[in-house]
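Note: the block below is upload.cif and it holds mmCIF, C-alpha atoms.
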data_my_file
#
loop_
_atom_site.label_atom_id
_atom_site.label_comp_id
_atom_site.auth_asym_id
_atom_site.auth_seq_id
_atom_site.Cartn_x
_atom_site.Cartn_y
_atom_site.Cartn_z
CA MET A 1 81.05 31.21 -29.49
CA THR A 2 81.58 33.79 -26.86
CA ARG A 3 81.44 33.02 -23.15
CA PHE A 4 78.21 35.05 -22.86
CA SER A 5 76.54 33.11 -25.65
CA MET A 6 77.48 29.80 -24.02
CA VAL A 7 76.04 30.89 -20.67
CA SER A 8 72.87 32.13 -22.35
CA CYS A 9 72.40 28.83 -24.19
CA ALA A 10 72.89 26.87 -20.99
CA ALA A 11 70.41 29.09 -19.13
CA VAL A 12 67.79 28.70 -21.86
CA SER A 13 68.31 24.92 -21.95
CA LEU A 14 67.96 24.77 -18.17
CA LEU A 15 64.77 26.80 -18.30
CA ILE A 16 63.34 24.48 -20.96
CA LEU A 17 64.29 21.45 -18.87
CA LEU A 18 62.83 22.96 -15.70
CA GLN A 19 59.64 23.80 -17.52
CA GLY A 20 59.28 20.18 -18.58
CA CYS A 21 59.70 19.04 -14.97
CA GLN A 22 57.35 21.58 -13.41
CA PRO A 23 55.46 19.67 -10.67
CA THR A 24 51.62 19.66 -10.80
CA VAL A 25 49.85 19.78 -7.44
CA GLN A 26 46.42 18.08 -7.55
CA LEU A 27 44.08 17.73 -4.62
CA GLU A 28 41.82 14.68 -5.07
CA ALA A 29 39.71 13.04 -2.38
CA PRO A 30 40.03 9.26 -2.18
CA LYS A 31 37.15 7.70 -4.01
CA GLU A 32 36.68 4.64 -1.79
CA PRO A 33 34.22 5.13 1.10
CA ILE A 34 34.82 3.91 4.60
CA VAL A 35 33.39 0.42 4.68
CA ILE A 36 31.91 -1.00 7.88
CA ASN A 37 31.00 -4.67 7.88
CA LEU A 38 29.13 -6.17 10.78
CA ASN A 39 27.43 -9.50 11.29
CA VAL A 40 25.16 -10.17 14.23
CA LYS A 41 23.44 -13.38 15.27
CA ILE A 42 20.70 -13.01 17.82
CA GLU A 43 19.80 -15.95 19.99
CA GLN A 44 16.33 -16.09 21.45
CA GLU A 45 17.57 -17.81 24.59
CA VAL A 46 18.54 -14.43 26.06
CA ARG A 47 14.91 -13.24 26.16
CA VAL A 48 13.59 -16.62 27.20
CA ARG A 49 16.02 -16.71 30.12
CA VAL A 50 14.91 -13.26 31.26
CA GLU A 51 11.26 -14.34 31.05
CA ARG A 52 11.95 -17.47 33.05
CA ASP A 53 13.83 -15.52 35.69
CA LEU A 54 10.96 -13.07 35.95
CA ASP A 55 8.38 -15.83 36.30
CA GLU A 56 10.42 -17.32 39.11
CA LEU A 57 10.62 -13.89 40.71
CA LEU A 58 6.86 -13.36 40.52
CA GLU A 59 6.26 -16.72 42.10
CA ASP A 60 8.76 -16.12 44.88
CA PRO A 61 6.76 -16.54 48.13
CA GLU A 62 9.10 -14.27 50.03
CA LEU A 63 8.56 -11.39 47.63
CA PHE A 64 5.00 -11.85 46.40
CA GLY A 65 3.57 -14.35 48.85
CA GLY A 66 3.42 -17.16 46.23
CA MET B 1 -44.31 -15.01 7.40
CA ALA B 2 -43.64 -17.82 9.82
CA LEU B 3 -42.20 -20.76 7.99
CA PRO B 4 -42.93 -24.27 9.09
CA GLY B 5 -40.05 -25.34 11.25
CA ILE B 6 -38.49 -28.66 11.87
CA ARG B 7 -37.45 -29.61 15.36
CA LYS B 8 -33.96 -28.25 15.72
CA GLY B 9 -32.46 -30.99 17.86
CA PRO B 10 -32.47 -34.01 15.54
CA TRP B 11 -31.65 -31.92 12.48
CA ALA B 12 -28.78 -30.22 14.15
CA ALA B 13 -27.47 -33.58 15.25
CA ALA B 14 -27.80 -35.02 11.75
CA MET B 15 -26.08 -32.03 10.18
CA GLY B 16 -23.41 -32.20 12.80
CA ALA B 17 -22.58 -35.67 11.55
CA SER B 18 -22.24 -34.34 7.98
CA CYS B 19 -20.05 -31.51 9.20
CA SER B 20 -17.57 -33.89 10.74
CA ARG B 21 -16.18 -34.17 7.20
CA PRO B 22 -15.25 -30.58 6.41
CA ARG B 23 -14.66 -31.23 2.71
CA VAL B 24 -18.32 -31.94 2.18
CA MET B 25 -20.34 -28.76 1.98
CA VAL B 26 -23.14 -28.84 4.48
CA SER B 27 -25.82 -27.64 2.13
CA VAL B 28 -24.71 -30.12 -0.50
CA ALA B 29 -24.91 -32.94 2.01
CA LEU B 30 -28.47 -32.01 2.91
CA ALA B 31 -29.61 -31.62 -0.68
CA CYS B 32 -27.77 -34.76 -1.73
CA TRP B 33 -29.45 -36.77 0.98
CA LEU B 34 -32.83 -35.59 -0.22
CA LEU B 35 -31.92 -36.24 -3.86
CA LEU B 36 -30.99 -39.81 -3.05
CA ALA B 37 -34.07 -40.16 -0.94
CA GLY B 38 -36.17 -38.89 -3.84
CA GLN B 39 -34.80 -41.64 -6.06
CA GLY B 40 -36.28 -44.34 -3.94
CA ALA B 41 -37.12 -44.95 -0.38
CA ALA B 42 -38.43 -41.61 0.87
CA ALA B 43 -41.36 -40.98 -1.42
CA TRP B 44 -43.08 -39.46 1.58
CA LEU B 45 -40.96 -36.31 1.30
CA PRO B 46 -42.93 -33.25 0.19
CA GLU B 47 -42.11 -31.49 -3.09
CA THR B 48 -41.33 -28.36 -1.13
CA LEU B 49 -39.62 -28.46 2.19
CA GLN B 50 -39.03 -25.35 4.28
CA ILE B 51 -36.91 -25.09 7.35
CA GLY B 52 -37.12 -21.99 9.53
CA ARG B 53 -33.72 -22.08 11.10
CA LEU B 54 -30.89 -24.54 11.31
CA SER B 55 -27.83 -24.19 13.51
CA LEU B 56 -24.69 -26.07 12.62
CA VAL B 57 -21.79 -26.44 14.98
CA TYR B 58 -18.39 -27.84 14.16
CA ASP B 59 -15.73 -27.50 16.86
CA GLU B 60 -15.56 -23.79 17.63
CA TRP B 61 -17.30 -22.86 14.34
CA SER B 62 -21.01 -22.27 14.21
CA VAL B 63 -23.24 -21.32 11.30
CA ALA B 64 -26.92 -20.40 11.42
CA LEU B 65 -29.01 -20.98 8.30
CA SER B 66 -32.33 -19.18 8.08
CA ARG B 67 -35.27 -19.95 5.82
CA LEU B 68 -34.06 -22.93 3.83
CA GLN B 69 -36.24 -24.10 1.01
CA LEU B 70 -35.91 -27.31 -0.96
CA GLU B 71 -37.91 -27.92 -4.10
CA ARG B 72 -38.08 -31.35 -5.63
CA ARG B 73 -40.10 -31.33 -8.84
CA PRO B 74 -40.25 -34.33 -11.19
CA GLY B 75 -37.75 -33.96 -14.05
CA ALA B 76 -36.20 -30.79 -12.64
CA PRO B 77 -33.00 -30.33 -10.66
CA LEU B 78 -33.33 -30.27 -6.92
CA ALA B 79 -33.25 -26.63 -5.86
CA LEU B 80 -32.01 -25.45 -2.51
CA SER B 81 -32.09 -21.84 -1.39
CA ILE B 82 -30.99 -20.37 1.88
CA ASP B 83 -32.08 -16.81 2.61
CA ARG B 84 -29.49 -16.07 5.22
CA ILE B 85 -26.25 -17.70 6.34
CA GLU B 86 -24.76 -16.17 9.48
CA GLY B 87 -21.34 -17.04 10.79
CA PRO B 88 -18.63 -17.96 11.38
CA ALA B 89 -18.26 -14.96 13.65
CA GLY B 90 -17.88 -11.64 11.97
CA LEU B 91 -18.40 -12.82 8.39
CA ILE B 92 -20.86 -10.80 6.34
CA PRO B 93 -24.30 -12.54 6.16
CA LEU B 94 -24.74 -14.45 2.91
CA TRP B 95 -27.49 -16.09 0.92
CA ALA B 96 -27.13 -19.16 -1.26
CA SER B 97 -28.87 -20.84 -4.10
CA LEU B 98 -27.93 -24.12 -5.72
CA ARG B 99 -29.25 -26.68 -8.15
CA LEU B 100 -28.49 -30.35 -7.83
CA ALA B 101 -29.15 -32.63 -10.80
CA PRO B 102 -28.58 -36.36 -11.16
CA ARG B 103 -25.92 -37.60 -13.59
CA ALA B 104 -25.25 -41.05 -15.01
CA THR B 105 -23.23 -41.65 -11.87
CA GLY B 106 -23.84 -39.37 -8.90
CA TRP B 107 -24.91 -35.76 -9.19
CA ARG B 108 -23.88 -32.36 -10.43
CA LEU B 109 -24.31 -29.06 -8.67
CA ASP B 110 -24.28 -25.41 -9.72
CA GLY B 111 -24.82 -22.51 -7.42
CA VAL B 112 -24.04 -19.11 -6.07
CA VAL B 113 -23.28 -17.74 -2.62
CA ALA B 114 -23.45 -13.99 -2.19
CA SER B 115 -23.89 -11.20 0.31
CA GLY B 116 -27.09 -9.17 0.41
CA ARG B 117 -25.82 -6.17 -1.52
CA GLY B 118 -23.60 -8.21 -3.83
CA GLU B 119 -20.33 -7.11 -2.25
CA LEU B 120 -19.20 -10.75 -2.26
CA VAL B 121 -20.34 -13.12 -4.99
CA MET B 122 -19.05 -16.66 -5.43
CA HIS B 123 -20.17 -18.98 -8.22
CA PHE B 124 -19.46 -22.65 -7.95
CA ASN B 125 -20.09 -25.93 -9.70
CA GLY B 126 -18.99 -29.47 -9.16
CA PHE B 127 -19.97 -33.10 -9.12
CA GLY B 128 -19.94 -35.97 -6.73
CA ASN B 129 -21.41 -39.26 -5.79
CA GLY B 130 -23.43 -40.22 -2.73
CA GLY B 131 -22.40 -37.89 0.07
CA GLU B 132 -18.97 -37.14 -1.42
CA LEU B 133 -17.97 -34.15 -3.46
CA HIS B 134 -15.47 -35.20 -6.15
CA ARG B 135 -14.70 -31.93 -7.87
CA LEU B 136 -15.45 -28.30 -7.12
CA ASN B 137 -14.80 -25.15 -9.11
CA ALA B 138 -15.39 -21.88 -7.33
CA THR B 139 -14.82 -18.33 -8.50
CA VAL B 140 -15.13 -15.22 -6.38
CA GLU B 141 -15.94 -12.21 -8.49
CA PRO B 142 -13.17 -9.60 -8.11
CA LEU B 143 -13.64 -7.58 -4.95
CA HIS B 144 -13.12 -3.91 -5.66
CA PHE B 145 -12.17 -2.00 -2.55
CA GLU B 146 -12.39 1.74 -2.34
CA PRO B 147 -12.37 4.21 0.56
CA GLY B 148 -15.92 5.38 1.22
CA ALA B 149 -17.26 2.29 -0.57
CA LEU B 150 -16.44 -1.38 -0.02
CA GLN B 151 -13.88 -2.11 2.71
CA PRO B 152 -12.70 -5.53 3.96
CA ILE B 153 -14.18 -4.85 7.39
CA ARG B 154 -17.63 -4.94 5.75
CA LEU B 155 -16.92 -8.51 4.65
CA TRP B 156 -15.37 -9.62 7.91
CA SER B 157 -15.79 -7.46 11.00
CA GLY B 158 -13.08 -9.49 12.75
CA LEU B 159 -10.53 -7.35 10.89
CA GLY B 160 -11.46 -4.40 13.12
CA GLY B 161 -9.38 -1.37 12.25
CA MET B 162 -6.45 -3.50 11.15
CA LEU B 163 -6.70 -2.41 7.51
CA ARG B 164 -7.88 1.08 6.64
CA ASP B 165 -8.44 3.02 3.43
CA VAL B 166 -8.18 -0.13 1.37
CA GLN B 167 -8.07 0.37 -2.36
CA GLY B 168 -7.58 -2.13 -5.18
CA SER B 169 -8.99 -5.47 -6.16
CA ILE B 170 -8.69 -9.13 -5.20
CA GLY B 171 -10.00 -12.08 -7.18
CA LEU B 172 -10.01 -15.74 -6.25
CA ALA B 173 -10.50 -18.97 -8.18
CA LEU B 174 -10.35 -22.54 -6.94
CA ASP B 175 -10.32 -25.87 -8.70
CA TRP B 176 -10.42 -28.71 -6.18
CA GLN B 177 -10.44 -32.40 -6.95
CA MET B 178 -10.81 -35.30 -4.59
CA GLY B 179 -8.10 -37.93 -4.71
CA GLN B 180 -5.33 -39.58 -2.77
CA PRO B 181 -4.16 -36.99 -2.08
CA ALA B 182 -6.66 -34.31 -3.07
CA THR B 183 -5.36 -31.77 -5.59
CA ALA B 184 -6.17 -28.10 -5.78
CA ASP B 185 -5.32 -25.04 -7.79
CA LEU B 186 -6.07 -21.87 -5.87
CA ALA B 187 -5.29 -18.59 -7.60
CA LEU B 188 -5.45 -15.32 -5.71
CA ASP B 189 -4.97 -12.28 -7.92
CA VAL B 190 -4.12 -8.96 -6.33
CA ALA B 191 -4.13 -5.75 -8.36
CA GLY B 192 -3.26 -2.25 -7.20
CA LEU B 193 -4.01 -3.02 -3.57
CA SER B 194 -3.07 -0.34 -1.07
CA PHE B 195 -4.05 0.23 2.54
CA ASP B 196 -3.02 1.80 5.81
CA THR B 197 -2.22 -0.09 8.99
CA ASP B 198 -1.08 0.80 12.49
CA TYR B 199 2.36 -0.31 11.36
CA GLY B 200 2.49 2.02 8.39
CA PRO B 201 0.98 2.34 4.94
CA VAL B 202 1.43 -0.20 2.19
CA GLY B 203 1.39 1.67 -1.07
CA MET B 204 0.60 -0.89 -3.71
CA ILE B 205 0.59 -4.68 -3.95
CA ASP B 206 0.47 -6.43 -7.29
CA GLY B 207 0.82 -10.09 -8.09
CA SER B 208 -0.70 -13.51 -8.08
CA ILE B 209 -0.50 -16.30 -5.53
CA ARG B 210 -1.10 -19.91 -6.49
CA LEU B 211 -1.41 -22.83 -4.12
CA ASP B 212 -1.49 -26.42 -5.32
CA ARG B 213 -2.70 -27.74 -1.98
CA LEU B 214 -5.08 -25.98 0.38
CA TRP B 215 -4.12 -27.51 3.71
CA PRO B 216 -1.44 -27.50 4.77
CA PRO B 217 -0.85 -24.89 2.08
CA ARG B 218 1.74 -25.72 -0.55
CA THR B 219 3.17 -23.86 -3.53
CA ALA B 220 4.57 -25.60 -6.58
CA MET B 221 7.01 -22.74 -7.12
CA PRO B 222 8.00 -19.49 -5.34
CA GLN B 223 5.31 -16.82 -5.38
CA TRP B 224 6.22 -13.19 -5.88
CA LEU B 225 4.45 -9.99 -4.99
CA ARG B 226 5.57 -6.46 -5.65
CA ILE B 227 4.89 -4.26 -2.65
CA GLU B 228 5.40 -0.53 -2.94
CA GLY B 229 5.39 2.30 -0.47
CA LEU B 230 6.52 0.62 2.76
CA ASP B 231 7.31 3.07 5.53
CA PRO B 232 9.73 1.48 8.04
CA GLY B 233 9.67 4.72 10.04
CA ARG B 234 5.99 4.21 10.93
CA LEU B 235 6.76 0.62 11.94
CA VAL B 236 9.57 1.70 14.25
CA GLU B 237 7.37 4.44 15.68
CA ARG B 238 4.55 1.98 16.32
CA LEU B 239 6.91 -0.48 17.98
CA GLU B 240 8.04 2.37 20.25
CA VAL B 241 11.72 1.85 19.59
CA GLU B 242 12.73 5.18 21.07
CA VAL B 243 16.40 5.00 20.13
CA LEU B 244 15.65 4.53 16.43
CA ALA B 245 14.02 6.79 13.85
CA ILE B 246 13.82 6.15 10.11
CA GLU B 247 12.78 8.43 7.27
CA GLY B 248 12.23 7.14 3.76
CA ILE B 249 9.98 4.92 1.70
CA MET B 250 10.87 1.45 0.43
CA ASP B 251 9.60 -0.83 -2.31
CA ALA B 252 9.89 -4.59 -2.17
CA GLU B 253 9.95 -7.66 -4.36
CA PHE B 254 8.60 -10.14 -1.88
CA GLY B 255 8.82 -13.86 -2.59
CA PHE B 256 7.62 -16.77 -0.55
CA SER B 257 6.74 -20.43 -0.78
CA PHE B 258 5.05 -23.05 1.35
CA THR B 259 7.09 -26.22 1.74
CA GLU B 260 5.72 -29.77 1.66
CA ALA B 261 5.12 -29.59 5.41
CA GLY B 262 3.30 -26.26 5.04
CA ARG B 263 6.13 -24.12 6.44
CA LEU B 264 6.31 -20.60 5.10
CA TYR B 265 9.68 -19.74 3.57
CA ILE B 266 10.67 -16.23 2.54
CA GLU B 267 12.60 -16.43 -0.71
CA LYS B 268 15.48 -14.03 -1.22
CA SER B 269 13.26 -10.97 -1.10
CA ARG B 270 14.64 -7.52 -1.77
CA LEU B 271 13.69 -4.16 -0.36
CA GLU B 272 15.03 -0.99 -1.88
CA ALA B 273 14.74 2.62 -0.79
CA ARG B 274 12.84 4.73 -3.28
CA GLY B 275 15.19 7.65 -2.69
CA PRO B 276 17.44 9.25 -0.09
CA GLY B 277 16.47 9.00 3.57
CA VAL B 278 17.72 9.22 7.12
CA ILE B 279 18.43 6.73 9.90
CA ARG B 280 19.01 7.96 13.43
CA TYR B 281 20.08 5.36 15.93
CA ARG B 282 21.08 6.84 19.27
CA PRO B 283 21.32 4.23 22.02
CA ALA B 284 22.55 5.22 25.48
CA GLU B 285 25.26 2.64 24.93
CA PRO B 286 25.89 0.04 22.22
CA PRO B 287 23.75 -3.08 22.69
CA PRO B 288 25.58 -5.91 24.48
CA LEU B 289 25.20 -8.09 21.40
CA LEU B 290 27.41 -5.69 19.44
CA LYS B 291 30.09 -5.21 22.06
CA SER B 292 32.05 -8.23 20.93
CA GLN B 293 32.37 -6.80 17.43
CA GLY B 294 35.26 -4.49 18.37
CA ALA B 295 36.11 -1.02 17.07
CA ASN B 296 33.69 -1.35 14.15
CA VAL B 297 30.80 -0.94 16.56
CA ASP B 298 31.87 2.48 17.82
CA LEU B 299 32.25 3.70 14.25
CA LEU B 300 28.93 2.14 13.28
CA VAL B 301 27.06 3.73 16.18
CA ALA B 302 28.71 7.08 15.46
CA ALA B 303 27.74 6.84 11.79
CA LEU B 304 24.16 5.83 12.55
CA ALA B 305 23.62 8.71 14.95
CA ASP B 306 22.54 10.72 11.91
CA PHE B 307 23.06 8.69 8.77
CA ARG B 308 21.85 10.30 5.55
CA TYR B 309 21.67 7.49 3.04
CA ASP B 310 21.59 7.87 -0.71
CA ALA B 311 20.89 4.20 -1.32
CA ALA B 312 19.55 1.51 0.97
CA THR B 313 18.80 -2.11 0.14
CA ALA B 314 17.94 -5.11 2.25
CA THR B 315 17.58 -8.78 1.40
CA VAL B 316 15.55 -11.11 3.58
CA GLU B 317 15.55 -14.89 3.47
CA GLY B 318 14.57 -17.77 5.71
CA PHE B 319 11.78 -19.71 7.37
CA VAL B 320 9.25 -17.42 9.03
CA ASP B 321 9.03 -19.73 12.04
CA GLY B 322 12.81 -20.20 12.14
CA GLU B 323 16.00 -18.30 11.53
CA ILE B 324 15.72 -15.33 9.16
CA SER B 325 18.74 -13.72 7.53
CA ILE B 326 18.66 -10.01 6.80
CA ALA B 327 21.43 -8.28 4.89
CA LEU B 328 21.27 -4.49 4.98
CA GLN B 329 23.42 -2.30 2.78
CA LEU B 330 23.50 1.48 3.22
CA GLN B 331 25.48 4.05 1.29
CA GLY B 332 25.63 7.60 2.53
CA ALA B 333 27.29 9.77 5.15
CA ASN B 334 26.89 11.37 8.53
CA PRO B 335 27.52 15.12 8.10
CA GLU B 336 28.96 15.29 11.63
CA LEU B 337 31.37 12.40 11.13
CA TYR B 338 34.65 12.91 9.27
CA GLU B 339 33.11 15.97 7.62
CA GLY B 340 30.53 13.88 5.87
CA TYR B 341 33.01 11.44 4.33
CA PRO B 342 31.17 8.64 2.37
CA ILE B 343 30.44 5.54 4.38
CA GLU B 344 29.18 2.15 3.29
CA LEU B 345 27.49 0.01 5.91
CA ASN B 346 27.05 -3.73 5.38
CA LEU B 347 25.05 -5.24 8.21
CA GLY B 348 24.20 -8.92 8.42
CA LEU B 349 21.62 -10.13 10.90
CA GLU B 350 20.49 -13.64 11.69
CA ALA B 351 17.63 -13.98 14.13
CA PRO B 352 14.55 -16.03 14.96
CA VAL B 353 12.38 -13.01 14.20
CA LEU B 354 8.99 -14.57 14.93
CA GLY B 355 10.22 -15.94 18.25
CA LEU B 356 11.66 -12.57 19.17
CA VAL B 357 8.42 -10.80 18.31
CA GLY B 358 6.55 -13.25 20.54
CA ALA B 359 9.05 -12.80 23.34
CA GLY B 360 8.85 -9.05 22.81
CA ARG B 361 5.08 -9.12 23.26
CA GLU B 362 5.48 -11.03 26.49
CA ALA B 363 8.10 -8.55 27.61
CA MET B 364 5.65 -5.73 26.88
CA ASP B 365 3.26 -7.40 29.32
CA LEU B 366 5.87 -7.21 32.07
CA PRO B 367 4.58 -3.96 33.62
CA ILE B 368 1.05 -5.38 33.71
CA ARG B 369 2.20 -8.60 35.29
CA LEU B 370 4.32 -6.77 37.84
CA ARG B 371 1.44 -4.42 38.68
CA ARG B 372 -0.92 -7.36 39.19
CA ALA B 373 1.61 -9.10 41.40
CA LEU B 374 2.06 -5.95 43.49
CA GLN B 375 -1.72 -5.48 43.75
CA GLU B 376 -2.07 -9.04 44.97
CA LEU B 377 0.66 -8.30 47.48
CA GLY B 378 -1.18 -5.22 48.73
CA ARG B 379 -4.42 -7.15 49.46
#
Is it possible to give me this structure as C-alpha cells?
Amino acid sequence: MTRFSMVSCAAVSLLILLQGCQPTVQLEAPKEPIVINLNVKIEQEVRVRVERDLDELLEDPELFGG
Amino acid sequence: MALPGIRKGPWAAAMGASCSRPRVMVSVALACWLLLAGQGAAAWLPETLQIGRLSLVYDEWSVALSRLQLERRPGAPLALSIDRIEGPAGLIPLWASLRLAPRATGWRLDGVVASGRGELVMHFNGFGNGGELHRLNATVEPLHFEPGALQPIRLWSGLGGMLRDVQGSIGLALDWQMGQPATADLALDVAGLSFDTDYGPVGMIDGSIRLDRLWPPRTAMPQWLRIEGLDPGRLVERLEVEVLAIEGIMDAEFGFSFTEAGRLYIEKSRLEARGPGVIRYRPAEPPPLLKSQGANVDLLVAALADFRYDAATATVEGFVDGEISIALQLQGANPELYEGYPIELNLGLEAPVLGLVGAGREAMDLPIRLRRALQELGR
C-alpha cells in the first residue's frame, strides 16, 4: 500500500468516526412550571381588636365628648 | 256578607294556649277540640260554626285567619275551611280546607293548604289522639319558577330583590312522626334551578336534600348539590374589593351536612373553572398577613398582577360557623412575568370566614359611625 493510499484510508476513517460523533444541538424548554406554594391562616382577632380600639376611640370623652 | 263573629279576646287567648306547642297545628287543635266536644259534653255546639276573624300570636309570629267555617254533620267527618290565612309577615295569603274523622283511637285528618291562584299547594294527612298530632305527611306540589311567571318573591315578599329571574323547580315532601325523639324525613328536590343575585348569577342547581330531623336540622349522610355557572368576578365586584378582579365561570360540587348539634359542615366541596380565565390582584403592597411568607410572596403578587389561568380548582371544607379551609390551585402564566413561563400556584387558606364576614360588615359601618360621632360632636 502506497503512502497516499494509507493517508486516504486514515482520512476516510476519521471522517466516518467524526460523522458518528457529530453533536446534535436541541433547544427544549424545561417542562416543569414554577411552583409557588403558600399557606395562610387568618385570625379573626385582628379585626376584633381594631373594632374594639375604634369603639374605645368613639367613646373617648376628650375626642367625642363621651 | 258579614259572618257571625265570636268575641276575639277569649278565642285568641284559647288559641294562644294551643299555639304554645308549635308541633300541634292550630287549625287541627281547634277542629280536634270541637270533634271531642261533639262526642260528648258540648252537644250545644251548632252544626255549622262560622268565625269572622281570628288572630293568633306566638312570640313574634302572628297569623290572621279570616272566615273560618266548621261543619259537624252526624256520620260525616268534621270539616274545617279557612278562606284566608295571612302571615307570618310577607308570606303569600293562603286558604285551607281539612277533614277530621274519628278513628278507633283518636282521629285522622286530610287536607290542603294553597294560595289563591294555586301557586303554592300543599296536601297533608295525618293522625293523632286528643290534642296531639302523632304523624303527619305533607307534600308541596313542585313549584315551577319562570321569569315573567311565578317568582319566589310572589310566595314570600320578604325575599325582596334577593333572587331575580328564578327558573327551575323545587318540590318538598315531609313525613313526621311523634316520638322520643320525634323522627322526620324531609326531602327537598331541586331541579334546573337558576337565578341572579347581587353577588352574581347561579347558573343551575340540581340535587336533593334530605333531613332526618327538622330542628335542629340533621342529615343522616352528606348532601350534595351540583351548582353551575358561579361568577366569582361578580362577587368580588359586589364586595368592592378594588384590588382584585376575576374573570371566568366556575361549577361546583357542593356537599354539606348538619351534625347532631345542628351545626352546618361543608364537606370537601370542589369548585372548578369551566375554562380559561383571568385573575388580577394588584395591592398597593402585599398584605401584612403574607409578609412573613418570604420571597414566595413577591413572586406570587407579581404573578397575580395579571394571571391568565388555564385551569383553576378550589376545595372548601369546614364548619360554616368555625374555621374553613380553602385550597386553591391555579395553573397558567402571567405574560409579563418571565415571558409567560408556566406557573402553578397552590394557595392554602384557613379562616373563620363567617366571623370575618360579620366583622367586615361592621367595618363597613365605620364611616357611618364616625360620621354620627362627628355630628354629635358638632351639636
Wanna dump the chain B-chain A contacts at 8 Å for me, each residue with its shortest atom pair and the distance in Å to one decimal, counting all atoms listed in the file, ordered by chain and number, as a Markdown table?
| residue | atom | partner | partner_atom | distance |
| --- | --- | --- | --- | --- |
| B:Leu289 | CA | A:Val40 | CA | 7.5 |
| B:Leu290 | CA | A:Val40 | CA | 7.2 |
| B:Gln293 | CA | A:Leu38 | CA | 7.4 |
| B:Asn296 | CA | A:Ile36 | CA | 6.5 |
| B:Val297 | CA | A:Leu38 | CA | 8.0 |
| B:Leu299 | CA | A:Ile36 | CA | 7.9 |
| B:Leu300 | CA | A:Ile36 | CA | 6.9 |
| B:Tyr341 | CA | A:Pro33 | CA | 7.2 |
| B:Pro342 | CA | A:Pro33 | CA | 4.8 |
| B:Ile343 | CA | A:Ile34 | CA | 4.7 |
| B:Glu344 | CA | A:Val35 | CA | 4.8 |
| B:Leu345 | CA | A:Ile36 | CA | 4.9 |
| B:Asn346 | CA | A:Asn37 | CA | 4.8 |
| B:Leu347 | CA | A:Leu38 | CA | 4.9 |
| B:Gly348 | CA | A:Asn39 | CA | 4.4 |
| B:Leu349 | CA | A:Val40 | CA | 4.9 |
| B:Glu350 | CA | A:Lys41 | CA | 4.6 |
| B:Ala351 | CA | A:Ile42 | CA | 4.9 |
| B:Pro352 | CA | A:Gln44 | CA | 6.7 |
| B:Gly355 | CA | A:Gln44 | CA | 6.9 |
| B:Leu356 | CA | A:Gln44 | CA | 6.3 |
| B:Ala359 | CA | A:Arg47 | CA | 6.5 |
| B:Ala363 | CA | A:Glu51 | CA | 7.4 |
| B:Leu370 | CA | A:Leu58 | CA | 7.6 |
| B:Ala373 | CA | A:Phe64 | CA | 6.6 |
| B:Leu374 | CA | A:Phe64 | CA | 7.2 |
| B:Glu376 | CA | A:Phe64 | CA | 7.7 |
| B:Leu377 | CA | A:Phe64 | CA | 5.7 |
>> Could you list, as a PyMOL selection string, every residue matched by the PyMOL selection byres ((chain B and resi 252-258) around 12) in this structure?
In response: chain B and resi 202-232+249-251+259-274+312-321
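A straight line drawn from atom CA of B:Gly128 to atom CA of B:Gly106 is 5.6 Å long.
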>> Just the number, please: distance in Å from atom CA of B:Leu136 to atom CA of B:Arg73, one decimal.
In response: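 Distance reported for this atom pair: 24.9 Å.
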> Please, what distance in Å, to one decimal, runs between atom CA of B:Arg234 and atom CA of B:Ala311?
Replying inline: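 Spanning atom CA of B:Arg234 to atom CA of B:Ala311 is a straight-line distance of 19.3 Å.
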Determine the residue set returned by the PyMOL selection byres ((chain B and resi 179) around 12) for the present structure, and present it as a tab-separated table (two decimals) with C-alpha atoms, in the coordinates of the input.
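The resulting file, expr.tsv, is reproduced below:
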chain	number	residue	atom	x	y	z
B	23	ARG	CA	-14.66	-31.23	2.71
B	132	GLU	CA	-18.97	-37.14	-1.42
B	133	LEU	CA	-17.97	-34.15	-3.46
B	134	HIS	CA	-15.47	-35.20	-6.15
B	135	ARG	CA	-14.70	-31.93	-7.87
B	176	TRP	CA	-10.42	-28.71	-6.18
B	177	GLN	CA	-10.44	-32.40	-6.95
B	178	MET	CA	-10.81	-35.30	-4.59
B	180	GLN	CA	-5.33	-39.58	-2.77
B	181	PRO	CA	-4.16	-36.99	-2.08
B	182	ALA	CA	-6.66	-34.31	-3.07
B	183	THR	CA	-5.36	-31.77	-5.59
B	184	ALA	CA	-6.17	-28.10	-5.78
B	213	ARG	CA	-2.70	-27.74	-1.98
> If the PyMOL selection byres ((chain B and resi 48) around 10) is run on the structure shown, which residues does it catch, given as a list in words?
Replying inline: Leu45, Pro46, Glu47, Leu49, Gln50, Gln69, Leu70, Glu71, Arg72, Arg73, Ala79 and Leu80 of chain B
> Of the candidates B:Leu68, B:Ala173, B:Leu150, B:Ile246, which shows the shortest atom-to-atom distance to B:Asn125, using all atoms listed in the file?
Replying inline: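 Of B:Leu68, B:Ala173, B:Leu150, B:Ile246, the one nearest B:Asn125, counting all atoms listed in the file, is B:Ala173.
Nearest-residue note for B:Ser55: choosing from B:Pro77, B:Gly87, B:Asp298, B:Ala245, the minimum distance belongs to B:Gly87, counting all atoms listed in the file.
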